[in-house]
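Shown next: final-v1.cif, containing mmCIF, C-alpha atoms.
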data_structure
loop_
_atom_site.label_atom_id
_atom_site.label_comp_id
_atom_site.auth_asym_id
_atom_site.auth_seq_id
_atom_site.Cartn_x
_atom_site.Cartn_y
_atom_site.Cartn_z
CA MET A 1 2.19 -14.00 -35.92
CA PRO A 2 -1.42 -13.48 -34.81
CA GLY A 3 -1.26 -16.39 -32.31
CA ARG A 4 1.57 -14.82 -30.40
CA LEU A 5 -0.08 -11.38 -30.49
CA ASP A 6 -3.35 -12.76 -29.11
CA GLN A 7 -1.48 -14.63 -26.40
CA ASP A 8 0.48 -11.47 -25.55
CA ARG A 9 -2.74 -9.43 -25.40
CA GLU A 10 -4.28 -11.89 -22.93
CA LEU A 11 -1.15 -11.98 -20.77
CA ILE A 12 -0.83 -8.18 -20.82
CA LYS A 13 -4.44 -7.87 -19.61
CA LYS A 14 -3.67 -10.18 -16.69
CA ALA A 15 -0.36 -8.45 -15.96
CA LYS A 16 -2.08 -5.06 -15.95
CA ARG A 17 -4.41 -6.43 -13.27
CA GLY A 18 -1.25 -7.12 -11.24
CA ASP A 19 -0.61 -10.78 -12.05
CA PRO A 20 3.21 -11.23 -11.86
CA HIS A 21 2.99 -14.78 -13.27
CA ALA A 22 1.33 -13.52 -16.45
CA PHE A 23 4.18 -11.05 -16.79
CA GLY A 24 6.56 -13.92 -16.10
CA ASP A 25 5.05 -15.76 -19.09
CA LEU A 26 5.60 -12.67 -21.23
CA TYR A 27 9.16 -12.55 -19.96
CA GLU A 28 9.78 -16.18 -20.81
CA SER A 29 8.57 -15.77 -24.39
CA HIS A 30 10.30 -12.46 -25.16
CA ALA A 31 13.39 -12.37 -22.93
CA PRO A 32 15.57 -14.49 -25.28
CA ALA A 33 15.05 -12.05 -28.18
CA ILE A 34 15.70 -9.05 -25.96
CA PHE A 35 18.78 -10.70 -24.49
CA ARG A 36 20.19 -11.49 -27.94
CA TYR A 37 19.60 -7.92 -29.06
CA LEU A 38 21.38 -6.55 -26.00
CA TYR A 39 24.21 -9.09 -26.08
CA ALA A 40 24.82 -8.28 -29.73
CA HIS A 41 25.58 -4.75 -28.59
CA LEU A 42 27.40 -5.47 -25.34
CA ASP A 43 30.74 -6.95 -24.50
CA SER A 44 29.69 -8.74 -21.34
CA GLN A 45 27.10 -11.47 -21.02
CA MET A 46 26.42 -10.43 -17.43
CA ASP A 47 25.71 -6.86 -18.50
CA ALA A 48 23.29 -8.20 -21.10
CA GLU A 49 21.57 -10.33 -18.44
CA ASP A 50 21.32 -7.42 -16.00
CA LEU A 51 20.02 -5.13 -18.71
CA THR A 52 17.43 -7.72 -19.82
CA GLY A 53 16.07 -7.80 -16.27
CA GLU A 54 16.06 -3.99 -16.17
CA VAL A 55 14.18 -3.80 -19.47
CA PHE A 56 11.41 -6.05 -18.18
CA LEU A 57 11.24 -4.28 -14.85
CA LYS A 58 10.85 -0.95 -16.68
CA ALA A 59 8.24 -2.57 -18.92
CA TRP A 60 6.32 -3.73 -15.81
CA GLN A 61 6.45 -0.21 -14.38
CA SER A 62 5.30 1.30 -17.69
CA LEU A 63 2.64 -1.36 -18.21
CA PRO A 64 -0.25 0.74 -16.81
CA ASN A 65 0.52 3.35 -19.51
CA TYR A 66 0.95 0.79 -22.28
CA ILE A 67 -1.90 0.91 -24.77
CA GLU A 68 -1.58 -1.25 -27.83
CA ARG A 69 -2.14 1.16 -30.69
CA GLY A 70 -0.53 -0.75 -33.51
CA VAL A 71 2.63 -1.22 -31.44
CA PRO A 72 2.91 -4.86 -30.38
CA PHE A 73 4.29 -5.65 -26.98
CA LEU A 74 7.54 -6.94 -28.46
CA ALA A 75 8.14 -3.62 -30.22
CA PHE A 76 7.35 -1.84 -26.95
CA LEU A 77 9.97 -4.00 -25.21
CA PHE A 78 12.58 -3.34 -27.88
CA ARG A 79 12.04 0.39 -27.58
CA ILE A 80 12.73 0.11 -23.86
CA ALA A 81 15.76 -2.06 -24.65
CA ARG A 82 17.15 0.53 -27.08
CA ASN A 83 16.75 3.26 -24.45
CA ALA A 84 18.34 1.00 -21.84
CA LEU A 85 21.31 0.47 -24.16
CA VAL A 86 21.69 4.22 -24.68
CA ASP A 87 21.61 4.75 -20.91
CA HIS A 88 24.11 1.94 -20.45
CA TYR A 89 26.51 3.48 -22.97
CA ARG A 90 26.14 6.85 -21.27
CA GLN A 91 26.94 5.38 -17.88
CA ASN A 92 29.91 3.36 -19.20
CA ASN A 93 31.53 5.65 -21.72
CA ARG A 94 34.17 3.08 -22.41
CA GLN A 95 33.78 -0.67 -22.61
CA GLU A 96 35.03 -2.27 -19.42
CA PRO A 97 37.75 -4.85 -19.91
CA LYS A 98 36.97 -8.44 -19.03
CA THR A 99 37.97 -9.42 -15.52
CA PRO A 100 38.72 -12.92 -14.28
CA ASP A 101 35.70 -12.56 -12.00
CA ASP A 102 33.45 -12.45 -15.03
CA MET A 103 34.72 -15.82 -16.09
CA ASP A 104 34.36 -17.24 -12.55
CA GLY A 105 30.66 -16.47 -12.72
CA TYR A 106 30.27 -18.81 -15.64
CA LYS A 107 32.34 -21.50 -13.98
CA GLU A 108 30.00 -21.49 -10.98
CA GLU A 109 26.98 -22.03 -13.19
CA GLY A 110 28.44 -25.43 -14.11
CA ILE A 111 26.46 -25.50 -17.33
CA LEU A 112 29.25 -24.99 -19.80
CA GLU A 113 32.80 -26.25 -19.61
CA PRO A 114 35.37 -23.47 -19.16
CA VAL A 115 36.78 -24.26 -22.60
CA GLU A 116 33.35 -23.84 -24.14
CA VAL A 117 32.80 -20.59 -22.24
CA VAL A 118 36.09 -19.18 -23.47
CA GLY A 119 35.32 -20.39 -27.01
CA ASN A 120 31.91 -18.72 -26.92
CA GLN A 121 33.43 -15.57 -25.50
CA LEU A 122 35.99 -15.42 -28.27
CA GLU A 123 33.39 -16.01 -30.93
CA HIS A 124 31.17 -13.38 -29.41
CA GLN A 125 34.04 -10.93 -29.44
CA GLN A 126 34.65 -11.63 -33.10
CA ILE A 127 30.98 -11.17 -33.95
CA LEU A 128 30.92 -7.90 -32.03
CA ARG A 129 34.07 -6.74 -33.74
CA ILE A 130 32.48 -7.18 -37.15
CA LEU A 131 29.08 -5.76 -36.14
CA ASN A 132 30.68 -2.76 -34.44
CA LYS A 133 32.28 -1.77 -37.72
CA LEU A 134 28.83 -1.24 -39.24
CA ARG A 135 26.83 1.96 -39.13
CA PRO A 136 24.60 2.00 -36.00
CA ASP A 137 21.37 1.80 -38.05
CA TYR A 138 22.76 -1.12 -40.10
CA LYS A 139 23.76 -2.88 -36.90
CA SER A 140 20.32 -2.27 -35.40
CA VAL A 141 18.39 -3.52 -38.40
CA LEU A 142 20.48 -6.67 -38.72
CA THR A 143 20.34 -7.44 -35.02
CA LEU A 144 16.60 -6.97 -34.88
CA ARG A 145 15.89 -8.90 -38.05
CA PHE A 146 18.33 -11.81 -37.87
CA ILE A 147 19.43 -12.15 -34.25
CA SER A 148 16.22 -11.19 -32.45
CA GLU A 149 14.14 -12.55 -35.35
CA LEU A 150 11.70 -9.66 -35.59
CA SER A 151 9.54 -9.31 -38.70
CA PRO A 152 10.17 -6.32 -41.00
CA GLU A 153 6.97 -4.75 -39.60
CA GLU A 154 8.09 -5.17 -35.99
CA THR A 155 11.55 -3.88 -36.86
CA ALA A 156 9.94 -0.83 -38.49
CA GLN A 157 7.96 -0.15 -35.31
CA VAL A 158 11.04 -0.46 -33.09
CA MET A 159 13.15 1.75 -35.32
CA LYS A 160 10.24 4.11 -35.97
CA ARG A 161 10.64 3.86 -39.75
CA SER A 162 8.44 2.64 -42.57
CA VAL A 163 8.53 -1.02 -43.60
CA GLY A 164 9.87 0.05 -47.00
CA ALA A 165 12.69 1.98 -45.38
CA ILE A 166 13.56 -1.06 -43.26
CA ARG A 167 13.72 -3.29 -46.36
CA VAL A 168 16.09 -0.88 -48.08
CA LEU A 169 18.16 -0.52 -44.91
CA GLN A 170 18.39 -4.29 -44.47
CA HIS A 171 19.42 -4.73 -48.10
CA ARG A 172 22.27 -2.28 -47.69
CA ALA A 173 23.21 -3.50 -44.23
CA LEU A 174 23.60 -7.09 -45.46
CA ALA A 175 25.92 -5.93 -48.25
CA ALA A 176 27.95 -3.86 -45.79
CA LEU A 177 28.18 -6.81 -43.41
CA ARG A 178 29.45 -9.10 -46.15
CA GLU A 179 32.15 -6.57 -46.95
CA GLU A 180 33.21 -6.42 -43.31
CA MET A 181 33.22 -10.22 -43.20
CA ASN A 182 35.52 -10.27 -46.23
CA LYS A 183 37.83 -7.83 -44.52
CA SER A 184 37.92 -10.09 -41.47
CA GLY A 185 38.72 -13.10 -43.65
CA ARG A 186 35.34 -14.80 -43.35
CA MET B 1 13.02 -1.71 -57.64
CA THR B 2 15.92 -4.19 -57.69
CA GLU B 3 16.47 -3.66 -53.95
CA ARG B 4 12.84 -4.51 -53.30
CA MET B 5 13.03 -7.59 -55.50
CA LEU B 6 16.24 -8.82 -53.84
CA ASP B 7 14.75 -8.21 -50.42
CA ARG B 8 11.66 -10.18 -51.36
CA ILE B 9 13.84 -13.11 -52.52
CA ILE B 10 15.92 -13.04 -49.34
CA ASN B 11 12.86 -12.87 -47.08
CA ALA B 12 11.13 -15.63 -49.04
CA TYR B 13 14.01 -18.11 -49.19
CA PHE B 14 16.09 -17.34 -46.13
CA PRO B 15 13.90 -19.43 -43.73
CA ALA B 16 14.09 -22.37 -46.16
CA ILE B 17 17.90 -22.17 -46.32
CA SER B 18 18.16 -21.90 -42.51
CA LYS B 19 16.01 -25.00 -42.07
CA GLY B 20 17.98 -26.90 -44.73
CA GLY B 21 15.06 -27.17 -47.18
CA GLU B 22 17.02 -25.26 -49.83
CA THR B 23 20.67 -24.46 -50.42
CA LEU B 24 22.18 -21.14 -51.32
CA GLU B 25 23.26 -22.56 -54.66
CA SER B 26 19.75 -23.80 -55.47
CA ILE B 27 18.31 -20.34 -54.83
CA LEU B 28 21.02 -18.63 -56.87
CA ALA B 29 20.30 -21.06 -59.69
CA LYS B 30 16.67 -19.83 -59.66
CA TYR B 31 17.77 -16.19 -59.96
CA PRO B 32 21.02 -16.23 -61.96
CA GLN B 33 20.53 -12.60 -63.02
CA TYR B 34 20.70 -11.51 -59.31
CA ALA B 35 23.28 -14.07 -58.14
CA GLY B 36 26.05 -11.49 -57.84
CA GLU B 37 23.98 -9.41 -55.42
CA LEU B 38 22.11 -12.20 -53.70
CA ARG B 39 25.12 -14.30 -52.72
CA PRO B 40 26.86 -11.83 -50.39
CA ARG B 41 23.58 -10.91 -48.75
CA PHE B 42 22.53 -14.50 -48.19
CA GLU B 43 25.99 -15.29 -46.82
CA ALA B 44 25.79 -12.34 -44.44
CA ALA B 45 22.32 -13.38 -43.31
CA LEU B 46 23.49 -16.96 -42.75
CA TRP B 47 26.50 -15.73 -40.80
CA LEU B 48 24.12 -13.74 -38.57
CA GLN B 49 22.03 -16.89 -38.17
CA GLN B 50 25.14 -18.69 -36.91
CA ALA B 51 26.05 -15.73 -34.68
CA LYS B 52 22.62 -15.98 -33.06
CA LEU B 53 23.61 -19.38 -31.60
CA VAL B 54 26.60 -17.81 -29.85
CA ILE B 55 24.55 -14.85 -28.65
CA ASN B 56 21.74 -17.02 -27.21
CA PRO B 57 21.18 -16.82 -23.44
CA ARG B 58 22.86 -19.55 -21.43
CA SER B 59 20.61 -22.46 -20.58
CA GLY B 60 18.58 -22.09 -17.39
CA TYR B 61 19.04 -18.32 -17.35
CA ILE B 62 15.54 -17.43 -18.56
CA ILE B 63 13.81 -19.67 -15.99
CA SER B 64 15.94 -18.57 -13.04
CA SER B 65 15.79 -14.89 -13.98
CA ARG B 66 12.01 -15.15 -14.42
CA LYS B 67 11.68 -16.17 -10.77
CA TYR B 68 13.91 -13.29 -9.74
CA LEU B 69 11.89 -10.83 -11.84
CA GLU B 70 8.59 -12.06 -10.38
CA ALA B 71 10.00 -11.64 -6.87
CA GLN B 72 11.13 -8.11 -7.73
CA ILE B 73 7.67 -7.29 -9.12
CA GLU B 74 6.05 -8.60 -5.95
CA SER B 75 8.28 -6.32 -3.88
CA LEU B 76 7.39 -3.35 -6.12
CA ARG B 77 3.65 -3.95 -5.85
CA PRO B 78 2.02 -0.98 -4.08
CA ILE B 79 0.47 -1.94 -0.77
CA SER B 80 -2.85 -0.34 0.17
CA PHE B 81 -3.35 1.43 3.48
CA TRP B 82 -5.45 -1.43 4.87
CA GLN B 83 -2.98 -4.11 3.71
CA ARG B 84 -0.14 -2.15 5.33
CA LEU B 85 -2.18 -1.77 8.51
CA PHE B 86 -3.14 -5.43 8.71
CA SER B 87 0.31 -6.71 7.79
CA ARG B 88 1.83 -4.61 10.57
CA TYR B 89 0.48 -6.69 13.45
CA SER B 90 -0.20 -10.36 13.98
CA PRO B 91 -3.82 -11.44 14.71
CA GLN B 92 -2.90 -11.98 18.38
CA ARG B 93 -1.46 -8.47 18.52
CA TRP B 94 -4.63 -7.09 16.94
CA VAL B 95 -6.78 -8.83 19.56
CA PHE B 96 -4.56 -7.39 22.27
CA ASN B 97 -4.61 -3.89 20.70
CA ILE B 98 -8.39 -3.90 20.57
CA THR B 99 -9.20 -5.58 23.88
CA ALA B 100 -6.63 -3.77 26.04
CA PRO B 101 -8.21 -0.28 25.69
CA ILE B 102 -11.70 -1.78 26.17
CA ILE B 103 -10.63 -3.52 29.38
CA VAL B 104 -8.89 -0.36 30.62
CA PHE B 105 -12.00 1.68 29.79
CA LEU B 106 -14.30 -0.81 31.59
CA LEU B 107 -12.01 -0.84 34.63
CA LEU B 108 -11.97 2.96 34.73
CA ALA B 109 -15.75 3.04 34.40
CA LEU B 110 -16.05 0.50 37.23
CA VAL B 111 -13.69 2.47 39.48
CA LEU B 112 -15.48 5.74 38.69
CA ASN B 113 -18.90 4.19 39.27
CA SER B 114 -17.79 2.75 42.62
CA ALA B 115 -16.36 6.13 43.63
CA VAL B 116 -19.63 7.88 42.69
CA LEU B 117 -21.69 5.30 44.61
CA THR B 118 -19.44 5.57 47.67
CA ALA B 119 -19.62 9.35 47.46
CA ARG B 120 -23.42 9.24 47.25
CA LEU B 121 -23.60 7.18 50.45
CA SER B 122 -21.18 9.43 52.32
CA ILE B 123 -22.14 11.74 55.22
CA PRO B 124 -20.38 14.88 56.56
CA GLY B 125 -16.90 13.96 57.83
CA ASP B 126 -16.39 11.25 55.19
CA PRO B 127 -13.46 11.77 52.75
CA LEU B 128 -15.76 11.59 49.71
CA TYR B 129 -18.46 13.91 51.10
CA SER B 130 -17.16 16.94 49.15
CA THR B 131 -17.29 14.79 46.00
CA LYS B 132 -20.94 14.03 46.76
CA LEU B 133 -21.69 17.77 46.96
CA VAL B 134 -19.82 18.40 43.68
CA ILE B 135 -21.82 15.64 41.93
CA GLU B 136 -25.06 17.17 43.24
CA ASP B 137 -24.03 20.65 42.05
CA PHE B 138 -23.14 19.18 38.68
CA GLN B 139 -26.54 17.46 38.48
CA LEU B 140 -28.21 20.75 39.34
CA ALA B 141 -26.20 22.65 36.75
CA LEU B 142 -27.38 20.19 34.11
CA THR B 143 -31.05 20.59 35.06
CA PHE B 144 -32.52 23.43 33.01
CA ASN B 145 -36.25 22.93 33.65
CA GLN B 146 -37.34 25.10 36.57
CA MET B 147 -39.84 22.51 37.85
CA ASP B 148 -37.22 19.73 37.82
CA LYS B 149 -34.78 22.11 39.48
CA THR B 150 -37.23 22.82 42.33
CA ASP B 151 -37.87 19.10 42.72
CA LEU B 152 -34.10 18.55 42.86
CA TYR B 153 -33.71 21.21 45.62
CA ILE B 154 -36.40 19.41 47.67
CA GLN B 155 -34.57 16.08 47.13
CA ARG B 156 -31.32 17.72 48.20
CA TYR B 157 -33.03 18.91 51.38
CA ARG B 158 -34.26 15.35 52.04
CA GLU B 159 -30.71 14.07 51.49
CA ARG B 160 -29.32 16.63 53.98
CA ALA B 161 -32.03 15.63 56.51
CA LEU B 162 -31.12 11.94 56.05
CA GLU B 163 -27.43 12.76 56.55
CA PHE B 164 -28.39 14.65 59.72
CA ILE B 165 -30.29 11.64 61.08
CA GLU B 166 -27.41 9.34 60.19
CA LEU B 167 -24.94 11.63 61.99
CA VAL B 168 -27.12 11.49 65.12
CA MET B 169 -27.43 7.70 64.86
CA GLU B 170 -23.66 7.32 64.48
CA GLY B 171 -22.95 9.74 67.33
CA ASP B 172 -21.04 12.28 65.22
CA TYR B 173 -22.59 15.22 67.05
CA GLU B 174 -19.82 17.70 66.21
CA TYR B 175 -21.00 17.76 62.60
CA LEU B 176 -24.67 18.45 63.52
CA PRO B 177 -24.55 22.31 63.48
CA SER B 178 -22.92 22.41 60.02
CA ALA B 179 -25.37 19.75 58.81
CA ALA B 180 -28.27 21.86 60.10
CA THR B 181 -26.87 24.88 58.27
CA ARG B 182 -26.75 22.86 55.05
CA MET B 183 -30.39 21.84 55.61
CA GLU B 184 -31.27 25.52 55.94
CA THR B 185 -29.40 26.34 52.72
CA GLU B 186 -31.38 23.70 50.82
CA ILE B 187 -34.70 24.89 52.27
CA ILE B 188 -33.94 28.49 51.25
CA ALA B 189 -32.89 27.35 47.76
CA SER B 190 -36.14 25.32 47.45
CA LEU B 191 -38.22 28.29 48.53
CA TYR B 192 -36.52 30.64 46.02
CA SER B 193 -36.96 28.07 43.29
CA LEU B 194 -40.66 27.71 44.17
CA GLN B 195 -40.99 31.47 43.99
CA ASP B 196 -39.47 31.52 40.46
CA LEU B 197 -41.78 28.65 39.48
CA SER B 198 -44.95 30.41 40.67
CA VAL B 199 -44.53 33.06 37.95
CA ASN B 200 -44.67 30.56 35.06
CA HIS B 201 -46.13 27.25 36.31
CA GLN B 202 -48.75 27.83 39.00
CA SER B 203 -50.37 24.40 38.80
CA PHE B 204 -47.05 22.56 39.21
CA GLU B 205 -46.02 24.92 41.95
CA GLN B 206 -48.97 23.82 44.10
CA SER B 207 -48.00 20.17 43.97
CA LEU B 208 -44.38 20.96 44.80
CA VAL B 209 -45.44 23.20 47.68
CA VAL B 210 -47.53 20.35 49.07
CA ASN B 211 -44.58 18.01 48.59
CA LEU B 212 -42.17 20.32 50.46
CA LYS B 213 -44.70 20.98 53.20
CA GLU B 214 -45.15 17.27 53.79
CA THR B 215 -41.40 16.71 53.75
CA LEU B 216 -40.72 19.49 56.26
CA THR B 217 -43.58 18.36 58.53
CA ASN B 218 -42.32 14.77 58.50
CA GLU B 219 -38.76 15.93 59.19
CA ILE B 220 -39.91 17.99 62.20
CA THR B 221 -41.69 14.92 63.60
CA LEU B 222 -38.63 12.75 62.96
CA LEU B 223 -36.23 15.28 64.48
CA ASN B 224 -38.41 15.65 67.61
CA LEU B 225 -38.47 11.86 67.94
CA LEU B 226 -34.70 11.80 67.47
CA LYS B 227 -34.25 14.46 70.15
CA ARG B 228 -36.15 12.31 72.63
CA THR B 229 -34.01 9.23 71.95
CA SER B 230 -30.62 11.02 71.73
CA PRO B 231 -28.25 12.04 74.52
CA ALA B 232 -28.20 15.66 75.72
CA SER B 233 -24.96 16.41 73.87
CA ALA B 234 -26.81 16.01 70.56
CA TRP B 235 -29.65 18.31 71.46
CA PRO B 236 -28.18 21.70 70.43
CA GLY B 237 -27.65 20.44 66.90
CA ILE B 238 -31.04 18.76 66.73
CA VAL B 239 -32.80 21.85 68.11
CA LEU B 240 -31.05 23.96 65.47
CA ALA B 241 -32.24 21.58 62.77
CA ILE B 242 -35.82 21.67 64.10
CA GLN B 243 -35.77 25.47 64.19
CA VAL B 244 -34.44 25.65 60.63
CA THR B 245 -37.09 23.25 59.36
CA GLN B 246 -39.87 25.02 61.26
CA SER B 247 -38.76 28.39 59.84
CA GLY B 248 -38.95 26.90 56.36
CA LEU B 249 -42.42 25.53 57.05
CA MET B 250 -43.57 28.90 58.35
CA VAL B 251 -42.29 30.69 55.24
CA LEU B 252 -44.05 28.14 53.09
CA ARG B 253 -47.36 28.64 54.90
#
Turn this file's structure into structure tokens for me.
Amino acid sequence: MPGRLDQDRELIKKAKRGDPHAFGDLYESHAPAIFRYLYAHLDSQMDAEDLTGEVFLKAWQSLPNYIERGVPFLAFLFRIARNALVDHYRQNNRQEPKTPDDMDGYKEEGILEPVEVVGNQLEHQQILRILNKLRPDYKSVLTLRFISELSPEETAQVMKRSVGAIRVLQHRALAALREEMNKSGR
Amino acid sequence: MTERMLDRIINAYFPAISKGGETLESILAKYPQYAGELRPRFEAALWLQQAKLVINPRSGYIISSRKYLEAQIESLRPISFWQRLFSRYSPQRWVFNITAPIIVFLLLALVLNSAVLTARLSIPGDPLYSTKLVIEDFQLALTFNQMDKTDLYIQRYRERALEFIELVMEGDYEYLPSAATRMETEIIASLYSLQDLSVNHQSFEQSLVVNLKETLTNEITLLNLLKRTSPASAWPGIVLAIQVTQSGLMVLR
């Protein structure tokens, strides 16, 4: 997507000069993909939101050292996101159980009805349950390709593999996912 | 090879299926030889597509969190020394911080200047008279040219003579002997200084000798006049001053 890359390049230049609004524009265009990637790995929506903010804050701090040498900004962000996930897993060795407070947070937002929130939560849990049964590299490739909608090239840069290797990995990961879906009655 | 081919088919047709332009069955009909392998993969990819909708951020989150992120970035922004310095005080405080020391300095200078002026006008017996002598000594210590130094000694003698006259005029006769002694000290200092000067600057020495001679002669005349107009109680001091001045004149001749 050359249009997006050019736009990113321009915004990165401005952000490097210290323009927080330019970085805000970058955030607005890339945060949904990063959030989806993180939420596909995490149990809690709030954790995913917090971690998304952390990823962009780290990206801002690393921005002076960021030089685009074939690594687009999105791939740079996903690398930070992967590291943030690793750190998050290290800090929380076990998945924390859902507390009623978590649900209250969504009620206060007033955007979704409680029934919808619970429905979404349940669906999310089911998706996670299936994805978590996959090998970590299968889960990563599928999340990056189909949930965060990265191109095979971008996925290759994030996972530090060749595009060919990503294609093979995706092919096998899709087959493995279908098997897991069958086991779950889907 | 087959993996690559299947991948190419999935990548090529998956967007069309997601957008509803094609159906899974229509694609499988195009590639019946791969249908067995394509179907599960397409189904998995479509399931992920559906899962994406559940995993999407809640509405309004991106906009509100963007504002929060921008505020955090602003707070992280390094502040330069000058920005920190200028943000520390309000403009009014800055004006006060700058003007207060200036005003204090000007006031001190004014007080000091007044004290120096008062000291310069003082005569023996005044509280600031010792300050006047210290200022004169300081002035002398800062004069390194021998000619200027000699001139300064002569001026100091004139000052002592003026003080003497003022003491007589004001009736402070008890200070007259000490004032006469101070006149003698200045005459001796002037004579020694003239002696040092004669070694190096003979031409200048002559003019200064003439200057001192005239000064001493005038002072003798003035003191004699003063003696005639003053009460008898002032005479011993005046006579002492005349003797001192005459001795100086004699040495000079």
Per residue of segment 17-68 of chain B within 10 Å of segment 19-26 of chain A, what are the shortest atom pair and its distance in Å to one decimal, counting all atoms listed in the file, with rows by chain and residue number, as a tab-separated table?
residue	atom	partner	partner_atom	distance
B:Ile62	CA	A:Gly24	CA	10.0
B:Ile63	CA	A:Gly24	CA	9.3
B:Ser65	CA	A:Gly24	CA	9.5
B:Arg66	CA	A:Gly24	CA	5.8
B:Lys67	CA	A:Gly24	CA	7.7
B:Tyr68	CA	A:Gly24	CA	9.7
Build an axis-aligned box that encloses every atom of segment 150-168 of chain B listed in the file, pad it by 3 Å on each side, and report its centre and edge lengths in Å to one decimal, as AutoDock Vina command-line options.
--center_x -31.4 --center_y 16.1 --center_z 53.7 --size_x 18.9 --size_y 19.5 --size_z 28.8
Top pick for closest residue to Leu162 of chain B, considering B:Leu117, B:Leu69, B:Leu176, B:Ile17 and counting only C-alpha atoms: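 Answer, going by the shortest atom-to-atom distance: B:Leu176.
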Could you list the residues in chain A lying within 7 Å of chain B, using all atoms listed in the file, and format the result as a PyMOL selection string? chain A and resi 20-21+24+27-28+32+35-36+39-40+53+120+124+127+146-147+167-168+171+174-175+177-178
Starting from the shown file, work through the PyMOL selection byres ((chain A and resi 159) around 12) and note down what comes out as a tab-separated table (two decimals) with C-alpha atoms, keeping the file's coordinate frame.
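expr-v8.tsv was written with the following content:
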chain	number	residue	atom	x	y	z
A	71	VAL	CA	2.63	-1.22	-31.44
A	75	ALA	CA	8.14	-3.62	-30.22
A	76	PHE	CA	7.35	-1.84	-26.95
A	78	PHE	CA	12.58	-3.34	-27.88
A	79	ARG	CA	12.04	0.39	-27.58
A	80	ILE	CA	12.73	0.11	-23.86
A	81	ALA	CA	15.76	-2.06	-24.65
A	82	ARG	CA	17.15	0.53	-27.08
A	83	ASN	CA	16.75	3.26	-24.45
A	136	PRO	CA	24.60	2.00	-36.00
A	137	ASP	CA	21.37	1.80	-38.05
A	138	TYR	CA	22.76	-1.12	-40.10
A	139	LYS	CA	23.76	-2.88	-36.90
A	140	SER	CA	20.32	-2.27	-35.40
A	141	VAL	CA	18.39	-3.52	-38.40
A	142	LEU	CA	20.48	-6.67	-38.72
A	143	THR	CA	20.34	-7.44	-35.02
A	144	LEU	CA	16.60	-6.97	-34.88
A	145	ARG	CA	15.89	-8.90	-38.05
A	150	LEU	CA	11.70	-9.66	-35.59
A	152	PRO	CA	10.17	-6.32	-41.00
A	153	GLU	CA	6.97	-4.75	-39.60
A	154	GLU	CA	8.09	-5.17	-35.99
A	155	THR	CA	11.55	-3.88	-36.86
A	156	ALA	CA	9.94	-0.83	-38.49
A	157	GLN	CA	7.96	-0.15	-35.31
A	158	VAL	CA	11.04	-0.46	-33.09
A	160	LYS	CA	10.24	4.11	-35.97
A	161	ARG	CA	10.64	3.86	-39.75
A	162	SER	CA	8.44	2.64	-42.57
A	163	VAL	CA	8.53	-1.02	-43.60
A	165	ALA	CA	12.69	1.98	-45.38
A	166	ILE	CA	13.56	-1.06	-43.26
A	169	LEU	CA	18.16	-0.52	-44.91
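Between atom CA of Ala234 of chain B and atom CA of Pro177 of chain B lies a distance of 9.7 Å.
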Give me the residues near Gly237 of chain B as a PDB file with C-alpha atoms, keeping the file's coordinate frame, where near means some atom within 12 Å (using all atoms listed in the file) and where sequence neighbours in that chain fewer than 2 positions away do not count.
ATOM      1  CA  PHE B 164     -28.390  14.650  59.720  1.00  0.00           C
ATOM      2  CA  ILE B 165     -30.290  11.640  61.080  1.00  0.00           C
ATOM      3  CA  LEU B 167     -24.940  11.630  61.990  1.00  0.00           C
ATOM      4  CA  VAL B 168     -27.120  11.490  65.120  1.00  0.00           C
ATOM      5  CA  GLY B 171     -22.950   9.740  67.330  1.00  0.00           C
ATOM      6  CA  ASP B 172     -21.040  12.280  65.220  1.00  0.00           C
ATOM      7  CA  TYR B 173     -22.590  15.220  67.050  1.00  0.00           C
ATOM      8  CA  GLU B 174     -19.820  17.700  66.210  1.00  0.00           C
ATOM      9  CA  TYR B 175     -21.000  17.760  62.600  1.00  0.00           C
ATOM     10  CA  LEU B 176     -24.670  18.450  63.520  1.00  0.00           C
ATOM     11  CA  PRO B 177     -24.550  22.310  63.480  1.00  0.00           C
ATOM     12  CA  SER B 178     -22.920  22.410  60.020  1.00  0.00           C
ATOM     13  CA  ALA B 179     -25.370  19.750  58.810  1.00  0.00           C
ATOM     14  CA  ALA B 180     -28.270  21.860  60.100  1.00  0.00           C
ATOM     15  CA  THR B 181     -26.870  24.880  58.270  1.00  0.00           C
ATOM     16  CA  MET B 183     -30.390  21.840  55.610  1.00  0.00           C
ATOM     17  CA  LEU B 223     -36.230  15.280  64.480  1.00  0.00           C
ATOM     18  CA  ASN B 224     -38.410  15.650  67.610  1.00  0.00           C
ATOM     19  CA  LEU B 226     -34.700  11.800  67.470  1.00  0.00           C
ATOM     20  CA  LYS B 227     -34.250  14.460  70.150  1.00  0.00           C
ATOM     21  CA  SER B 230     -30.620  11.020  71.730  1.00  0.00           C
ATOM     22  CA  PRO B 231     -28.250  12.040  74.520  1.00  0.00           C
ATOM     23  CA  ALA B 232     -28.200  15.660  75.720  1.00  0.00           C
ATOM     24  CA  SER B 233     -24.960  16.410  73.870  1.00  0.00           C
ATOM     25  CA  ALA B 234     -26.810  16.010  70.560  1.00  0.00           C
ATOM     26  CA  TRP B 235     -29.650  18.310  71.460  1.00  0.00           C
ATOM     27  CA  VAL B 239     -32.800  21.850  68.110  1.00  0.00           C
ATOM     28  CA  LEU B 240     -31.050  23.960  65.470  1.00  0.00           C
ATOM     29  CA  ALA B 241     -32.240  21.580  62.770  1.00  0.00           C
ATOM     30  CA  ILE B 242     -35.820  21.670  64.100  1.00  0.00           C
ATOM     31  CA  GLN B 243     -35.770  25.470  64.190  1.00  0.00           C
ATOM     32  CA  VAL B 244     -34.440  25.650  60.630  1.00  0.00           C
TER      33      VAL B 244
END
